[in-house]
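First comes the structure, then the notes that go with it.
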Amino acid sequence: MRLAICPGSFDPVTYGHLDIIERASRAFDRVVVAVFTNPQKTPLFSVEERVEMLRQAIAHLPNVEVDASSGLLSDYALHRGAGVIVKGLRAISDFEAEFQMARMNKKLAPGVETLFMMTANEYSYLSSSLVKEVARFGGCVAQLVPEAVAARLKEKYPQPPSGGR
Ligand code: PNS
C-alpha cells in the first residue's frame, strides 16, 4: 500500500491545502494529513481545533485520515510506514525553505521521499497567514476556506457592528 503524509500547520486549512490533499488522495492508496508544530509560527487555533476543521474538510475523501504529532516529521513518517511526504509549492519563494526541509528529512529518514506538487493557479497566492489577516480586519474569506473554517475565524475575530472602519 502506498501511504503518503501531507504535513503542515494548517492554521487553518485553506482551499489551497485541500487542493493538494485531494490530488494526493488520487495519487496514493492512503493519505494521512498530519498537523505538526512549526516552531517558526505562533498558531491561532489549537491542535484540536485544527484537526477538527481538517476532519470536516476531508470527510468526502474515504482514503484520507487526519492525525497530529508534536515530534519530528521524519520520525512520524517512519513510524507510520509512509514512503512519501507530499508538500505543496506555491511559488519560487517557497522553494528555499521547502528544499532545506526536504534535505533535512532525507538525512533523518533516507527511505522517505518528499514530493512537491505545484499549487493550482487559483490558489497560488493563498496562505493561512493571509487568510487570518483578511479575517482579522473583517474581510470576506468565503472563497478561500471551507464554510466551517470561515465561521471559526469569525469567532476568533469578532467584528464591530459597523464593520470597524
Ligand atoms: O504548513 P507549514 O507551517 O509550512 O508546515 C511546516 C511543518 C509543520 C511541516 C514543519 O515545520 C515540520 O515538519 N514540523 C515538524 C518538526 C520537524 O520535523 N522539523 C524539522 C523539519 S526539517
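Ligands are numbered from 1 in the order shown, chains are lettered A, B, ... in the order of the C-alpha cells, and residues start at 1 in each chain.
Taking only C-alpha atoms and all ligand atoms into account, ligand 1 has within 7 Å the residues Pro7, Gly8, Ser9, Phe10, Val35, Phe36, Thr37, Asn38, Pro39, Gly71, Leu72, Leu73, Ser74, Gln100, Met101, Ala102, Met104 and Asn105 of chain A.
Omitting A:Asp67 and its sequence neighbours fewer than 6 positions away, and counting only C-alpha atoms, the residues within 7 Å are Val32, Val33, Ala34, Val35 and Val51 of chain A.
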Those residues you just picked out, can you put them in a file as a PDB file, in the first residue's frame with C-alpha atoms?
ATOM      1  CA  VAL A  32      -2.506  10.930   6.345  1.00  0.00           C
ATOM      2  CA  VAL A  33      -2.933  14.669   6.808  1.00  0.00           C
ATOM      3  CA  ALA A  34      -0.796  15.399   9.850  1.00  0.00           C
ATOM      4  CA  VAL A  35      -0.894  18.568  11.922  1.00  0.00           C
ATOM      5  CA  VAL A  51      -7.643  18.619  13.476  1.00  0.00           C
TER       6      VAL A  51
END
Can you list, as JSON, numbers by chain, all residues belonging to stretch 85-149 of chain A that DSSP tags as strand (DSSP E)?
{"A": [85, 86, 87, 88, 89, 113, 114, 115, 116, 117, 118]}
Could you please take those selected residues and save N, CA and C atoms as a compact mmCIF listing (two decimals), in the first residue's frame?
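Produced file selection.txt, reproduced below:
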# COMPACT_ATOMS: atom_id res chain seq x y z
N ILE A 85 6.41 12.00 1.59
CA ILE A 85 5.86 13.22 2.19
C ILE A 85 5.43 14.10 1.02
N VAL A 86 4.18 14.55 1.01
CA VAL A 86 3.70 15.41 -0.08
C VAL A 86 3.57 16.83 0.43
N LYS A 87 4.17 17.77 -0.31
CA LYS A 87 4.06 19.18 0.06
C LYS A 87 3.64 20.00 -1.15
N GLY A 88 2.94 21.08 -0.89
CA GLY A 88 2.54 21.98 -1.96
C GLY A 88 3.57 23.08 -2.12
N LEU A 89 3.83 23.44 -3.38
CA LEU A 89 4.74 24.57 -3.66
C LEU A 89 3.93 25.63 -4.38
N GLU A 113 10.75 9.79 0.70
CA GLU A 113 10.91 10.81 -0.34
C GLU A 113 9.96 11.98 -0.08
N THR A 114 10.42 13.19 -0.39
CA THR A 114 9.49 14.33 -0.39
C THR A 114 9.11 14.63 -1.83
N LEU A 115 7.82 14.67 -2.09
CA LEU A 115 7.32 15.02 -3.42
C LEU A 115 6.62 16.37 -3.34
N PHE A 116 6.91 17.23 -4.32
CA PHE A 116 6.26 18.55 -4.36
C PHE A 116 5.20 18.58 -5.44
N MET A 117 4.06 19.14 -5.07
CA MET A 117 3.00 19.35 -6.06
C MET A 117 2.84 20.85 -6.22
N MET A 118 2.74 21.29 -7.47
CA MET A 118 2.52 22.72 -7.68
C MET A 118 1.07 23.06 -7.34
Practice prompt. As number ranges by chain, please: all residues of chain A that backbone DSSP puts in helix (DSSP H, G or I).
Written response: A: 15-27, 47-57, 73-80, 92-108, 121-123, 128-136, 147-156
Taken to one decimal, the atom CA of A:Lys41-atom CA of A:Asn63 distance is 29.3 Å
- [ ] Just the residues within 12 Å of A:Glu155, please, counting only C-alpha atoms, with nothing from its chain fewer than 5 positions along; format it as a PyMOL selection string.
- [x] chain A and resi 44-45+132+135-136+138+148-150
Just write the chosen residues, C-alpha atoms, as a CSV table (one decimal), in the first residue's frame.
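Result file follows (selection.csv):
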chain,number,residue,atom,x,y,z
A,44,LEU,CA,-4.2,31.0,16.2
A,45,PHE,CA,-6.1,27.6,16.6
A,132,LYS,CA,-6.1,35.2,9.1
A,135,ALA,CA,-10.4,37.7,8.6
A,136,ARG,CA,-8.9,39.8,11.4
A,138,GLY,CA,-13.2,41.9,8.7
A,148,ALA,CA,-16.9,25.9,8.8
A,149,VAL,CA,-13.4,27.4,8.9
A,150,ALA,CA,-14.8,30.9,7.9
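Restricting the calculation to only C-alpha atoms, the smallest distance between A:Ser46 and any of A:Gly139, A:Pro12, A:Pro158, A:Pro62 is found for A:Pro12.
Residues in contact with A:Ser127 at up to 12 Å, not including ones fewer than 6 positions away on its chain and judged by only C-alpha atoms, are A:Gly8, A:Ser9, A:Phe10, A:Asp11, A:Pro12, A:Val13, A:Thr14, A:Tyr15, A:Gly16, A:His17, A:Leu18, A:Gly88, A:Leu89, A:Arg90, A:Ala91, A:Asp94, A:Thr119, A:Glu133, A:Val134, A:Val141, A:Leu144, A:Val145.
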Writer output for current selection, N, CA and C atoms, as a PDB file, in the first residue's frame:
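Once everything was written out, this is again.pdb:
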ATOM      1  N   GLY A   8       1.689  19.720   7.787  1.00  0.00           N
ATOM      2  CA  GLY A   8       1.580  21.177   7.761  1.00  0.00           C
ATOM      3  C   GLY A   8       1.105  21.679   9.101  1.00  0.00           C
ATOM      4  N   SER A   9       1.067  23.011   9.233  1.00  0.00           N
ATOM      5  CA  SER A   9       0.494  23.533  10.474  1.00  0.00           C
ATOM      6  C   SER A   9      -1.006  23.773  10.331  1.00  0.00           C
ATOM      7  N   PHE A  10      -1.506  23.952   9.120  1.00  0.00           N
ATOM      8  CA  PHE A  10      -2.951  24.018   8.867  1.00  0.00           C
ATOM      9  C   PHE A  10      -3.666  24.940   9.865  1.00  0.00           C
ATOM     10  N   ASP A  11      -3.206  26.175   9.924  1.00  0.00           N
ATOM     11  CA  ASP A  11      -3.718  27.114  10.945  1.00  0.00           C
ATOM     12  C   ASP A  11      -4.397  28.321  10.298  1.00  0.00           C
ATOM     13  N   PRO A  12      -5.557  28.168   9.647  1.00  0.00           N
ATOM     14  CA  PRO A  12      -6.352  26.950   9.482  1.00  0.00           C
ATOM     15  C   PRO A  12      -6.159  26.376   8.073  1.00  0.00           C
ATOM     16  N   VAL A  13      -6.844  25.234   7.831  1.00  0.00           N
ATOM     17  CA  VAL A  13      -6.834  24.633   6.496  1.00  0.00           C
ATOM     18  C   VAL A  13      -7.494  25.597   5.497  1.00  0.00           C
ATOM     19  N   THR A  14      -6.902  25.681   4.300  1.00  0.00           N
ATOM     20  CA  THR A  14      -7.450  26.550   3.240  1.00  0.00           C
ATOM     21  C   THR A  14      -7.805  25.686   2.024  1.00  0.00           C
ATOM     22  N   TYR A  15      -8.457  26.313   1.026  1.00  0.00           N
ATOM     23  CA  TYR A  15      -8.731  25.585  -0.210  1.00  0.00           C
ATOM     24  C   TYR A  15      -7.438  25.208  -0.933  1.00  0.00           C
ATOM     25  N   GLY A  16      -6.366  25.945  -0.686  1.00  0.00           N
ATOM     26  CA  GLY A  16      -5.070  25.587  -1.284  1.00  0.00           C
ATOM     27  C   GLY A  16      -4.584  24.252  -0.726  1.00  0.00           C
ATOM     28  N   HIS A  17      -4.670  24.078   0.599  1.00  0.00           N
ATOM     29  CA  HIS A  17      -4.304  22.788   1.210  1.00  0.00           C
ATOM     30  C   HIS A  17      -5.194  21.676   0.659  1.00  0.00           C
ATOM     31  N   LEU A  18      -6.491  21.969   0.595  1.00  0.00           N
ATOM     32  CA  LEU A  18      -7.428  20.914   0.182  1.00  0.00           C
ATOM     33  C   LEU A  18      -7.165  20.454  -1.247  1.00  0.00           C
ATOM     34  N   GLY A  88       2.941  21.076  -0.889  1.00  0.00           N
ATOM     35  CA  GLY A  88       2.536  21.979  -1.964  1.00  0.00           C
ATOM     36  C   GLY A  88       3.575  23.083  -2.124  1.00  0.00           C
ATOM     37  N   LEU A  89       3.831  23.445  -3.376  1.00  0.00           N
ATOM     38  CA  LEU A  89       4.737  24.565  -3.661  1.00  0.00           C
ATOM     39  C   LEU A  89       3.935  25.631  -4.379  1.00  0.00           C
ATOM     40  N   ARG A  90       3.888  26.815  -3.780  1.00  0.00           N
ATOM     41  CA  ARG A  90       3.087  27.880  -4.405  1.00  0.00           C
ATOM     42  C   ARG A  90       3.909  28.703  -5.376  1.00  0.00           C
ATOM     43  N   ALA A  91       5.124  28.999  -4.977  1.00  0.00           N
ATOM     44  CA  ALA A  91       5.927  29.935  -5.768  1.00  0.00           C
ATOM     45  C   ALA A  91       7.393  29.662  -5.488  1.00  0.00           C
ATOM     46  N   ASP A  94       8.655  29.868  -1.969  1.00  0.00           N
ATOM     47  CA  ASP A  94       8.510  28.737  -1.040  1.00  0.00           C
ATOM     48  C   ASP A  94       9.700  27.795  -1.118  1.00  0.00           C
ATOM     49  N   THR A 119       0.910  24.072  -6.536  1.00  0.00           N
ATOM     50  CA  THR A 119      -0.434  24.503  -6.153  1.00  0.00           C
ATOM     51  C   THR A 119      -1.197  24.964  -7.390  1.00  0.00           C
ATOM     52  N   GLU A 133      -5.170  37.260   8.288  1.00  0.00           N
ATOM     53  CA  GLU A 133      -5.086  38.726   8.240  1.00  0.00           C
ATOM     54  C   GLU A 133      -6.371  39.318   7.652  1.00  0.00           C
ATOM     55  N   VAL A 134      -6.856  38.723   6.577  1.00  0.00           N
ATOM     56  CA  VAL A 134      -8.093  39.210   5.955  1.00  0.00           C
ATOM     57  C   VAL A 134      -9.248  39.103   6.962  1.00  0.00           C
ATOM     58  N   VAL A 141     -13.670  35.801   3.627  1.00  0.00           N
ATOM     59  CA  VAL A 141     -12.774  34.685   3.316  1.00  0.00           C
ATOM     60  C   VAL A 141     -13.545  33.500   2.720  1.00  0.00           C
ATOM     61  N   LEU A 144     -11.933  31.362   0.171  1.00  0.00           N
ATOM     62  CA  LEU A 144     -10.568  30.939   0.488  1.00  0.00           C
ATOM     63  C   LEU A 144     -10.507  29.710   1.396  1.00  0.00           C
ATOM     64  N   VAL A 145     -11.548  29.545   2.218  1.00  0.00           N
ATOM     65  CA  VAL A 145     -11.568  28.443   3.193  1.00  0.00           C
ATOM     66  C   VAL A 145     -12.976  27.840   3.240  1.00  0.00           C
TER      67      VAL A 145
END
Computed gap from atom CA of A:Leu130 to atom CA of A:Ser70 is 24.3 Å
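If only C-alpha atoms are the atoms counted, then among A:Arg2, A:Ala142, A:Asp19, A:Phe137 the closest residue to A:Tyr157 is A:Phe137.
Note that the spacing between atom CA of A:Ala77 and atom CA of A:Arg30 amounts to 13.0 Å.
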Using only C-alpha atoms, the best pick from A:Ala57, A:Met1, A:Gly83, A:Tyr123 as closest to A:Ile21 would be A:Ala57
